[in-house]
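With compact mmCIF, C-alpha atoms and all ligand atoms inside, this is upload-v6.txt:
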# COMPACT_ATOMS: atom_id res chain seq x y z
CA MET A 48 -14.42 -149.20 -0.10
CA ASN A 49 -14.86 -151.17 3.12
CA ASN A 50 -18.56 -151.91 2.96
CA GLN A 51 -18.73 -151.68 -0.80
CA PHE A 52 -18.84 -155.46 -1.19
CA GLU A 53 -21.85 -155.89 1.14
CA GLU A 54 -23.53 -152.85 -0.40
CA ILE A 55 -23.29 -154.24 -3.94
CA LEU A 56 -24.70 -157.59 -2.83
CA GLU A 57 -27.53 -155.85 -0.96
CA ASN A 58 -28.38 -153.66 -3.98
CA SER A 59 -28.30 -156.64 -6.34
CA LEU A 60 -31.43 -157.99 -4.65
CA ASN A 61 -33.37 -155.11 -6.22
CA ARG A 62 -31.54 -154.23 -9.42
CA ALA A 63 -29.02 -155.65 -11.89
CA ILE A 64 -25.42 -154.75 -11.07
CA ASP A 65 -23.32 -152.62 -13.44
CA ARG A 66 -19.92 -153.30 -15.09
CA ASP A 67 -17.77 -151.81 -12.33
CA GLU A 68 -19.69 -153.66 -9.66
CA ALA A 69 -19.35 -156.97 -11.53
CA LEU A 70 -15.60 -156.48 -11.91
CA PHE A 71 -15.27 -155.54 -8.24
CA LEU A 72 -17.15 -158.72 -7.21
CA PHE A 73 -14.79 -160.89 -9.27
CA GLN A 74 -11.76 -159.35 -7.57
CA GLU A 75 -13.20 -159.56 -4.06
CA THR A 76 -14.51 -163.12 -4.26
CA GLU A 77 -11.08 -164.68 -4.65
CA ASP A 78 -11.56 -164.77 -0.89
CA GLY A 79 -13.49 -167.99 -0.09
CA ALA A 80 -15.74 -166.47 2.60
CA LYS A 81 -16.78 -163.64 0.28
CA ALA A 82 -17.42 -166.15 -2.51
CA GLU A 83 -19.87 -167.93 -0.17
CA GLN A 84 -21.66 -164.61 0.46
CA LEU A 85 -21.86 -164.09 -3.31
CA PHE A 86 -23.34 -167.57 -3.87
CA LEU A 87 -25.96 -166.97 -1.18
CA THR A 88 -26.98 -163.67 -2.78
CA ALA A 89 -27.12 -165.18 -6.28
CA ARG A 90 -29.39 -167.94 -4.93
CA LYS A 91 -31.70 -165.31 -3.36
CA VAL A 92 -31.88 -163.37 -6.64
CA ARG A 93 -32.64 -166.53 -8.62
CA GLU A 94 -35.39 -167.59 -6.20
CA LYS A 95 -36.90 -164.10 -6.23
CA VAL A 96 -36.90 -163.70 -10.01
CA LYS A 97 -37.18 -167.24 -11.37
CA GLY A 98 -38.59 -169.23 -8.44
CA ASN A 99 -37.01 -172.30 -6.92
CA ILE A 100 -37.49 -174.58 -9.90
CA PHE A 101 -35.43 -176.75 -12.22
CA GLU A 102 -36.60 -177.84 -15.65
CA TRP A 103 -35.64 -181.15 -17.27
CA SER A 104 -33.89 -180.92 -20.61
CA ALA A 105 -31.94 -183.31 -22.80
CA GLY A 106 -29.38 -183.12 -25.57
CA ILE A 107 -28.44 -185.05 -28.69
CA ALA A 108 -24.81 -184.44 -29.60
CA ARG A 109 -22.85 -184.69 -32.87
CA VAL A 110 -25.80 -184.25 -35.20
CA LEU A 111 -23.50 -182.41 -37.64
CA LYS A 112 -19.79 -182.69 -38.28
CA CYS A 113 -17.59 -179.70 -37.49
CA ASN A 114 -15.78 -178.40 -40.56
CA LEU A 115 -13.75 -175.63 -38.93
CA GLN A 116 -10.12 -175.59 -39.97
CA PRO A 117 -8.36 -175.66 -37.65
CA LEU A 118 -10.71 -176.94 -34.95
CA CYS A 119 -11.06 -174.85 -31.77
CA ARG A 120 -7.95 -175.47 -29.70
CA TYR A 121 -9.92 -176.55 -26.58
CA CYS A 122 -12.30 -178.87 -28.42
CA PRO A 123 -12.09 -182.65 -27.89
CA TYR A 124 -14.51 -183.48 -30.73
CA TRP A 125 -13.83 -184.43 -34.35
CA ARG A 126 -10.09 -184.95 -33.78
CA GLU A 127 -9.97 -188.55 -34.99
CA LYS A 128 -10.16 -189.23 -38.71
CA GLY A 129 -13.26 -190.92 -40.10
CA GLN A 130 -15.71 -189.76 -37.42
CA ILE A 131 -19.19 -189.27 -38.79
CA PRO A 132 -22.19 -187.47 -37.31
CA LEU A 133 -25.31 -189.30 -36.11
CA SER A 134 -27.61 -190.47 -38.90
CA ILE A 135 -31.24 -189.32 -39.00
CA GLU A 136 -32.24 -192.80 -37.87
CA GLU A 137 -29.95 -192.53 -34.84
CA ILE A 138 -31.19 -189.03 -34.02
CA LEU A 139 -34.76 -190.34 -34.10
CA LYS A 140 -33.80 -193.13 -31.65
CA GLY A 141 -32.54 -190.38 -29.35
CA VAL A 142 -35.73 -188.33 -29.69
CA ALA A 143 -37.84 -191.42 -28.91
CA TYR A 144 -35.75 -192.03 -25.76
CA ILE A 145 -36.29 -188.42 -24.65
CA GLN A 146 -40.05 -188.65 -25.19
CA GLN A 147 -40.27 -191.98 -23.34
CA HIS A 148 -38.67 -190.34 -20.30
CA GLY A 149 -41.21 -187.54 -20.14
CA ILE A 150 -38.80 -184.76 -21.12
CA LYS A 151 -40.37 -182.00 -23.22
CA LYS A 152 -37.32 -180.01 -24.34
CA PHE A 153 -34.06 -181.01 -25.93
CA HIS A 154 -31.25 -179.52 -27.94
CA LEU A 155 -29.49 -180.71 -31.06
CA SER A 156 -25.79 -179.87 -31.01
CA GLY A 157 -23.23 -180.17 -33.74
CA GLY A 158 -20.26 -178.53 -35.34
CA THR A 159 -19.83 -175.46 -37.49
CA THR A 160 -19.61 -175.02 -41.25
CA LEU A 161 -18.84 -171.34 -41.83
CA GLY A 162 -21.01 -169.75 -44.51
CA SER A 163 -23.56 -172.59 -44.53
CA GLU A 164 -27.23 -171.78 -45.12
CA GLY A 165 -28.20 -174.34 -42.46
CA HIS A 166 -30.12 -176.68 -44.76
CA ASP A 167 -28.57 -179.73 -43.05
CA VAL A 168 -29.93 -178.87 -39.59
CA LEU A 169 -33.26 -177.86 -41.12
CA GLY A 170 -33.47 -181.34 -42.69
CA ILE A 171 -32.92 -182.92 -39.26
CA VAL A 172 -35.69 -180.90 -37.63
CA GLN A 173 -38.05 -181.65 -40.56
CA ALA A 174 -37.32 -185.39 -40.14
CA ILE A 175 -38.06 -185.22 -36.39
CA ARG A 176 -41.42 -183.54 -37.03
CA ALA A 177 -42.24 -185.90 -39.94
CA ALA A 178 -41.60 -188.88 -37.63
CA GLY A 179 -44.47 -187.65 -35.43
CA PHE A 180 -42.51 -185.94 -32.63
CA THR A 181 -44.55 -182.79 -32.92
CA ASP A 182 -44.91 -181.63 -29.32
CA LEU A 183 -41.27 -181.57 -28.20
CA ALA A 184 -39.61 -178.15 -28.01
CA ILE A 185 -36.29 -178.10 -29.86
CA GLU A 186 -33.23 -175.92 -29.45
CA VAL A 187 -30.52 -175.83 -32.13
CA ASN A 188 -26.85 -175.28 -31.25
CA CYS A 189 -24.89 -175.96 -34.44
CA GLY A 190 -22.42 -173.15 -35.05
CA ALA A 191 -23.07 -169.71 -36.44
CA ALA A 192 -24.18 -170.33 -39.98
CA MET A 193 -27.82 -170.26 -41.02
CA SER A 194 -29.69 -167.91 -43.30
CA LEU A 195 -32.63 -165.83 -42.13
CA GLU A 196 -34.95 -168.03 -44.25
CA THR A 197 -33.67 -171.20 -42.54
CA LEU A 198 -34.13 -169.61 -39.12
CA LYS A 199 -37.70 -168.58 -39.96
CA GLU A 200 -38.47 -172.10 -41.16
CA LEU A 201 -36.99 -173.55 -37.95
CA LYS A 202 -39.28 -171.29 -35.96
CA ARG A 203 -42.26 -172.46 -37.99
CA LEU A 204 -41.29 -176.04 -37.12
CA GLY A 205 -41.39 -175.30 -33.40
CA VAL A 206 -37.72 -174.59 -32.70
CA TYR A 207 -37.86 -172.14 -29.79
CA ARG A 208 -34.22 -171.21 -29.37
CA VAL A 209 -31.06 -171.11 -31.48
CA SER A 210 -27.59 -170.60 -30.03
CA SER A 211 -24.67 -168.48 -31.10
CA VAL A 212 -21.99 -169.45 -28.60
CA PHE A 213 -19.10 -167.00 -28.24
CA GLU A 214 -17.12 -168.69 -25.42
CA THR A 215 -15.21 -165.38 -25.16
CA ILE A 216 -15.86 -161.90 -26.50
CA ASN A 217 -12.19 -160.87 -26.24
CA PRO A 218 -11.12 -160.76 -29.95
CA GLU A 219 -7.52 -161.70 -29.15
CA VAL A 220 -8.46 -164.70 -26.98
CA PHE A 221 -11.07 -165.74 -29.57
CA ARG A 222 -8.50 -165.60 -32.38
CA ARG A 223 -5.99 -167.60 -30.37
CA THR A 224 -8.35 -170.31 -29.10
CA LYS A 225 -10.83 -170.48 -32.01
CA PRO A 226 -8.57 -169.76 -35.02
CA GLY A 227 -10.94 -171.42 -37.50
CA ASP A 228 -14.05 -169.56 -36.29
CA ASP A 229 -15.32 -166.02 -36.85
CA LEU A 230 -16.35 -163.79 -33.93
CA GLU A 231 -17.98 -161.12 -36.10
CA ALA A 232 -20.04 -163.78 -37.95
CA LYS A 233 -21.23 -165.07 -34.57
CA LYS A 234 -22.33 -161.59 -33.50
CA LYS A 235 -24.27 -161.12 -36.75
CA PHE A 236 -25.80 -164.58 -36.36
CA ALA A 237 -26.89 -163.75 -32.79
CA GLN A 238 -28.74 -160.72 -34.18
CA ARG A 239 -30.26 -162.70 -37.07
CA ILE A 240 -31.72 -165.22 -34.59
CA GLY A 241 -33.73 -162.35 -33.10
CA ASP A 242 -34.71 -161.06 -36.55
CA ALA A 243 -36.32 -164.47 -37.17
CA GLY A 244 -38.33 -164.13 -33.95
CA LEU A 245 -36.35 -166.83 -32.13
CA LYS A 246 -34.85 -166.76 -28.66
CA LEU A 247 -31.07 -166.58 -28.31
CA GLY A 248 -28.88 -168.99 -26.39
CA THR A 249 -25.17 -168.41 -25.87
CA GLY A 250 -22.27 -169.61 -23.76
CA VAL A 251 -18.99 -168.61 -22.15
CA MET A 252 -16.04 -170.83 -21.28
CA ALA A 253 -14.58 -170.12 -17.86
CA GLY A 254 -10.81 -170.45 -17.69
CA LEU A 255 -10.22 -170.02 -21.43
CA GLY A 256 -8.40 -166.68 -21.35
CA PRO A 257 -5.23 -165.52 -19.59
CA GLU A 258 -5.16 -164.72 -15.84
CA GLU A 259 -4.38 -161.02 -16.48
CA THR A 260 -7.57 -160.27 -18.42
CA LYS A 261 -9.97 -163.02 -17.35
CA TYR A 262 -12.23 -160.97 -15.02
CA GLN A 263 -12.51 -158.13 -17.53
CA ASP A 264 -13.22 -160.73 -20.24
CA TYR A 265 -16.06 -162.32 -18.21
CA VAL A 266 -17.59 -158.90 -17.54
CA ASP A 267 -17.27 -157.84 -21.20
CA PHE A 268 -18.98 -161.08 -22.26
CA MET A 269 -21.89 -160.56 -19.85
CA PHE A 270 -22.48 -156.97 -20.96
CA HIS A 271 -22.12 -157.83 -24.63
CA VAL A 272 -24.80 -160.56 -24.50
CA LYS A 273 -27.01 -158.38 -22.31
CA GLN A 274 -27.61 -156.06 -25.26
CA TYR A 275 -29.48 -158.73 -27.25
CA GLU A 276 -33.16 -158.18 -26.45
CA HIS A 277 -33.98 -161.79 -27.38
CA LEU A 278 -31.33 -163.25 -25.05
CA HIS A 279 -32.94 -166.18 -23.20
CA TYR A 280 -30.22 -168.54 -21.99
CA VAL A 281 -26.51 -168.47 -21.18
CA TYR A 282 -24.48 -171.50 -20.23
CA VAL A 283 -21.11 -171.64 -18.56
CA THR A 284 -18.59 -174.37 -19.33
CA LYS A 285 -15.30 -174.94 -17.57
CA PHE A 286 -12.12 -175.22 -19.60
CA THR A 287 -10.84 -178.81 -19.25
CA PRO A 288 -7.45 -179.91 -20.66
CA PHE A 289 -8.74 -183.02 -22.45
CA LYS A 290 -6.07 -185.39 -23.73
CA GLY A 291 -5.18 -184.68 -27.35
CA ILE A 292 -6.49 -181.11 -27.59
CA ALA A 293 -4.17 -178.32 -28.75
CA MET A 294 -4.47 -176.62 -25.33
CA GLU A 295 -3.55 -179.72 -23.34
CA ASP A 296 -1.06 -177.70 -21.24
CA HIS A 297 -3.47 -174.89 -20.35
CA PRO A 298 -4.61 -175.12 -16.68
CA ALA A 299 -8.05 -176.55 -15.92
CA CYS A 300 -10.61 -174.06 -14.64
CA SER A 301 -11.59 -174.65 -11.01
CA ALA A 302 -15.21 -175.38 -10.09
CA GLN A 303 -15.04 -172.38 -7.72
CA GLU A 304 -14.12 -169.96 -10.54
CA ALA A 305 -16.84 -171.31 -12.84
CA ALA A 306 -19.36 -171.04 -9.96
CA ARG A 307 -18.34 -167.39 -9.41
CA VAL A 308 -18.92 -166.70 -13.12
CA ILE A 309 -22.42 -168.20 -12.83
CA ALA A 310 -23.20 -166.30 -9.62
CA ILE A 311 -22.02 -162.89 -10.88
CA MET A 312 -23.85 -163.51 -14.16
CA ARG A 313 -27.04 -164.04 -12.15
CA LEU A 314 -26.59 -160.54 -10.66
CA VAL A 315 -25.88 -159.00 -14.10
CA LEU A 316 -28.66 -160.88 -15.93
CA PRO A 317 -31.28 -161.59 -13.25
CA ASN A 318 -34.08 -162.52 -15.69
CA ILE A 319 -32.10 -164.82 -17.96
CA ASP A 320 -31.93 -168.61 -17.66
CA ILE A 321 -28.39 -169.58 -16.67
CA GLY A 322 -27.00 -173.08 -16.72
CA SER A 323 -23.91 -175.17 -17.04
CA ALA A 324 -23.24 -177.10 -20.22
CA ALA A 325 -22.38 -180.57 -21.56
CA GLY A 326 -22.75 -183.44 -19.16
CA TRP A 327 -25.25 -181.57 -16.98
CA ASN A 328 -28.36 -182.37 -18.97
CA ALA A 329 -30.80 -184.93 -17.61
CA THR A 330 -30.04 -187.10 -20.62
CA ASP A 331 -27.26 -186.93 -23.18
CA ILE A 332 -27.33 -189.02 -26.30
CA ASN A 333 -24.39 -189.88 -28.53
CA ARG A 334 -22.98 -192.74 -30.56
CA THR A 335 -20.62 -195.32 -29.10
CA PRO A 336 -17.69 -195.76 -29.22
CA ASN A 337 -17.18 -192.10 -29.80
CA TYR A 338 -16.29 -189.82 -27.01
CA LYS A 339 -15.95 -191.80 -23.80
CA LYS A 340 -17.12 -195.05 -22.32
CA GLY A 341 -18.88 -194.33 -19.06
CA SER A 342 -20.03 -196.60 -16.26
CA VAL A 343 -23.59 -197.66 -15.42
CA ALA A 344 -23.11 -195.95 -12.04
CA ASP A 345 -22.63 -192.65 -13.91
CA GLY A 346 -25.86 -193.18 -15.81
CA PHE A 347 -24.39 -194.54 -19.08
CA LEU A 348 -26.29 -197.08 -21.14
CA TYR A 349 -24.99 -198.65 -24.36
CA GLN A 350 -27.61 -199.97 -26.71
CA ASP A 351 -28.06 -200.23 -30.52
CA ASN A 352 -24.59 -198.73 -31.15
CA MET A 353 -25.75 -195.65 -29.22
CA GLU A 354 -24.65 -194.06 -25.96
CA PHE A 355 -27.39 -192.78 -23.64
CA ARG A 356 -26.58 -190.98 -20.44
CA ASN A 357 -29.45 -190.56 -18.01
CA THR A 358 -28.81 -188.77 -14.71
CA MET A 359 -32.45 -188.03 -13.86
CA GLU A 360 -32.47 -190.16 -10.71
CA THR A 361 -29.32 -188.63 -9.23
CA MET A 362 -30.41 -185.11 -10.10
CA GLN A 363 -33.88 -185.66 -8.69
CA LYS A 364 -32.33 -186.68 -5.35
CA ARG A 365 -29.90 -183.77 -5.32
CA TYR A 366 -32.51 -181.13 -6.14
CA GLN A 367 -35.04 -182.55 -3.68
CA GLU A 368 -32.42 -182.25 -0.92
CA LEU A 369 -31.91 -178.61 -1.93
CA GLY A 370 -35.66 -177.98 -1.85
CA ILE A 371 -35.77 -177.26 -5.58
CA LYS A 372 -38.93 -178.25 -7.45
CA ILE A 373 -38.39 -180.12 -10.70
CA ILE A 374 -40.73 -179.54 -13.63
CA SER A 375 -40.78 -180.99 -17.14
S1 LIG B 401 -17.08 -175.15 -33.32
FE1 LIG B 401 -17.60 -176.56 -31.68
S2 LIG B 401 -17.34 -178.61 -32.53
FE2 LIG B 401 -16.26 -177.16 -33.90
S3 LIG B 401 -14.16 -177.16 -33.18
FE3 LIG B 401 -15.20 -175.47 -32.16
S4 LIG B 401 -15.94 -176.31 -30.22
FE4 LIG B 401 -15.41 -178.06 -31.55
Produce structure tokens that represent the structure in this file.
Amino acid sequence: MNNQFEEILENSLNRAIDRDEALFLFQETEDGAKAEQLFLTARKVREKVKGNIFEWSAGIARVLKCNLQPLCRYCPYWREKGQIPLSIEEILKGVAYIQQHGIKKFHLSGGTTLGSEGHDVLGIVQAIRAAGFTDLAIEVNCGAAMSLETLKELKRLGVYRVSSVFETINPEVFRRTKPGDDLEAKKKFAQRIGDAGLKLGTGVMAGLGPEETKYQDYVDFMFHVKQYEHLHYVYVTKFTPFKGIAMEDHPACSAQEAARVIAIMRLVLPNIDIGSAAGWNATDINRTPNYKKGSVADGFLYQDNMEFRNTMETMQKRYQELGIKIIS
């Protein structure tokens, strides 16, 4: 087993790693020096397969209310009474901001209504196109409930990707942390997205499950999503014990663990776009006072009862220093 670690990393430069190898890498990279070797290899694989590029994207949050009962136990949204989603007018202000900043892709994110046909999100996309924003690529991430007809219509309107975000594929952890949601419905929805000819986005939350099963859970997630032929994008979020959530006492996930999930995922899914979620987009748009009040230094701007967060300048600097080319 001595050189097995180096051997797996070496082989990963030419082929995707298998389940056992992925699990082995998780166990071995608790050691900091080995984690650095893993990160270096993941970077090499990304540069080889995807090139050294970063693409601007933006997001408009809270376009639909979440009606899950109960809400996911890690979720900081929709906990206060009387919160309402963005209006169409507010969403259009956000789209105009995105276009003015030269960004060509953005996502609409919102909550879940189990069993919905998805007419509400379809109405939002129709309104965006009717307002003349015809050349912006749109991704939809609004829970796992849309009919095949809605998905086909979204595709016709230029939506390129729809997400079915699992966070975990372990049924027990899913049931415990997302008691109002439905894992099997999400799996079916992920398939339906492909049936409509759309690309699939999904996500995993690092640090959500228990210590004893977490590495197996990450590996099971990666190999479950790998089977979707239309898989295009996976994002990794870190569990954070936000004040007021049901899991307030659950430990925060370290940046190192989340980075190892991203790096090992790169070796399992070399051709897939991998990113980190919420707060990492070039621009995030929301309503104020809703979620948090940020400082100008962190890129927050408050205007027209809206919250805009623009980190393009900071990110441009950071990526230039890393030699990464930014495209829009
Ligand atoms: S589905 Fe999304 S918005 Fe709804 S409770 Fe879960 S994490 Fe929060």
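Around ligand LIG 401 (chain B), the neighbouring residues within 6 Å, taking only C-alpha atoms and all ligand atoms, come to Cys113, Leu115, Leu118, Cys119, Cys122, Tyr124, Gly158, Thr159 and Gly190 of chain A.
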Atom CA of Thr287 of chain A and atom CA of Arg313 of chain A, how far apart in Å?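 Separating atom CA of Arg313 of chain A from atom CA of Thr287 of chain A is a distance of 23.0 Å.
The shortest atom-to-atom distance to Asp229 of chain A, with all atoms listed in the file taken into account, belongs to A:Pro117 out of A:Lys246, A:Ala299, A:Pro117, A:Phe153.
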I want to know what sits within 7 Å of Thr249 of chain A, based on all atoms listed in the file, with residues of the same chain fewer than 6 positions away left out; could you give that as a VMD selection string? chain A and resid 210 to 213 280 to 282
For Thr224 of chain A, which residue out of A:Leu247, A:Leu255, A:Glu200, A:Gly205 is the nearest one, using all atoms listed in the file?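 Looking at the shortest contact to Thr224 of chain A, the residue is A:Leu255.
These residues, each with an atom at most 10 Å from (-40.4, -175.9, -34.3) using all atoms listed in the file, are A:Val172, A:Gln173, A:Ile175, A:Arg176, A:Thr181, A:Asp182, A:Leu183, A:Ala184, A:Ile185, A:Glu186, A:Lys199, A:Glu200, A:Leu201, A:Lys202, A:Arg203, A:Leu204, A:Gly205, A:Val206, A:Tyr207, A:Arg208.
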The selected residues should be written to file as a PDB file, keeping the file's coordinate frame (atoms: C-alpha atoms).
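Saved file again.pdb follows:
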ATOM      1  CA  VAL A 172     -35.690-180.900 -37.630  1.00  0.00           C
ATOM      2  CA  GLN A 173     -38.050-181.650 -40.560  1.00  0.00           C
ATOM      3  CA  ILE A 175     -38.060-185.220 -36.390  1.00  0.00           C
ATOM      4  CA  ARG A 176     -41.420-183.540 -37.030  1.00  0.00           C
ATOM      5  CA  THR A 181     -44.550-182.790 -32.920  1.00  0.00           C
ATOM      6  CA  ASP A 182     -44.910-181.630 -29.320  1.00  0.00           C
ATOM      7  CA  LEU A 183     -41.270-181.570 -28.200  1.00  0.00           C
ATOM      8  CA  ALA A 184     -39.610-178.150 -28.010  1.00  0.00           C
ATOM      9  CA  ILE A 185     -36.290-178.100 -29.860  1.00  0.00           C
ATOM     10  CA  GLU A 186     -33.230-175.920 -29.450  1.00  0.00           C
ATOM     11  CA  LYS A 199     -37.700-168.580 -39.960  1.00  0.00           C
ATOM     12  CA  GLU A 200     -38.470-172.100 -41.160  1.00  0.00           C
ATOM     13  CA  LEU A 201     -36.990-173.550 -37.950  1.00  0.00           C
ATOM     14  CA  LYS A 202     -39.280-171.290 -35.960  1.00  0.00           C
ATOM     15  CA  ARG A 203     -42.260-172.460 -37.990  1.00  0.00           C
ATOM     16  CA  LEU A 204     -41.290-176.040 -37.120  1.00  0.00           C
ATOM     17  CA  GLY A 205     -41.390-175.300 -33.400  1.00  0.00           C
ATOM     18  CA  VAL A 206     -37.720-174.590 -32.700  1.00  0.00           C
ATOM     19  CA  TYR A 207     -37.860-172.140 -29.790  1.00  0.00           C
ATOM     20  CA  ARG A 208     -34.220-171.210 -29.370  1.00  0.00           C
TER      21      ARG A 208
END
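Comparing the minimum interatomic distances between Ile374 of chain A and each of A:Leu230, A:Ile319, A:Ile150, A:Cys189, counting all atoms listed in the file, we find that A:Ile150 sits nearest.
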Atomic distance atom CA of Arg222 of chain A - atom CA of Gly254 of chain A, expressed in Å with one decimal: 15.6 Å
Residues within 9 Å of (-34.1, -167.7, -10.7), file coordinates, counting all atoms listed in the file: what are they? Give the list as a list in words.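 Counting all atoms listed in the file, I find these residues within 9 Å of (-34.1, -167.7, -10.7): Ala89, Arg90, Lys91, Val92, Arg93, Glu94, Lys95, Val96, Lys97, Gly98, Asn99, Ile100, Arg313, Pro317, Asn318, Ile319, Asp320 and Ile321 of chain A.
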Between A:Ala293, A:Ala192, A:Ala232, A:Ile216, single out the one closest to Gly256 of chain A, counting only C-alpha atoms.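 So, comparing all the options, the nearest one is A:Ile216.
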Could you give me, as a PyMOL selection string, the residues within 6 Å of Ser156 of chain A, counting only C-alpha atoms and dropping anything in the same chain fewer than 4 positions from it? chain A and resi 108-109+188-189
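Taking atom CA of Pro298 of chain A as the reference point, atom CA of Asp345 of chain A is found at 25.3 Å.
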Can you pull out the residues contacting Ile145 of chain A? Cut-off 12 Å, using all atoms listed in the file, and skip same-chain residues under 2 positions away; I want them as number ranges by chain. A: 103-107, 138-143, 147-154, 180, 182-185, 328-332, 355-357, 359, 375
Nearest residue to Asp267 of chain A out of A:Lys364, A:Arg66, A:Ala82, A:Met294, using only C-alpha atoms?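 Looking at the shortest contact to Asp267 of chain A, the residue is A:Arg66.
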Shell around Gly79 of chain A at 12 Å using only C-alpha atoms, local window under 5 positions removed, as a PDB file with C-alpha atoms, in the frame of the given file:
ATOM      1  CA  PHE A  73     -14.790-160.890  -9.270  1.00  0.00           C
ATOM      2  CA  GLN A  74     -11.760-159.350  -7.570  1.00  0.00           C
ATOM      3  CA  GLN A  84     -21.660-164.610   0.460  1.00  0.00           C
ATOM      4  CA  LEU A  85     -21.860-164.090  -3.310  1.00  0.00           C
ATOM      5  CA  PHE A  86     -23.340-167.570  -3.870  1.00  0.00           C
ATOM      6  CA  GLN A 303     -15.040-172.380  -7.720  1.00  0.00           C
ATOM      7  CA  GLU A 304     -14.120-169.960 -10.540  1.00  0.00           C
ATOM      8  CA  ALA A 306     -19.360-171.040  -9.960  1.00  0.00           C
ATOM      9  CA  ARG A 307     -18.340-167.390  -9.410  1.00  0.00           C
TER      10      ARG A 307
END
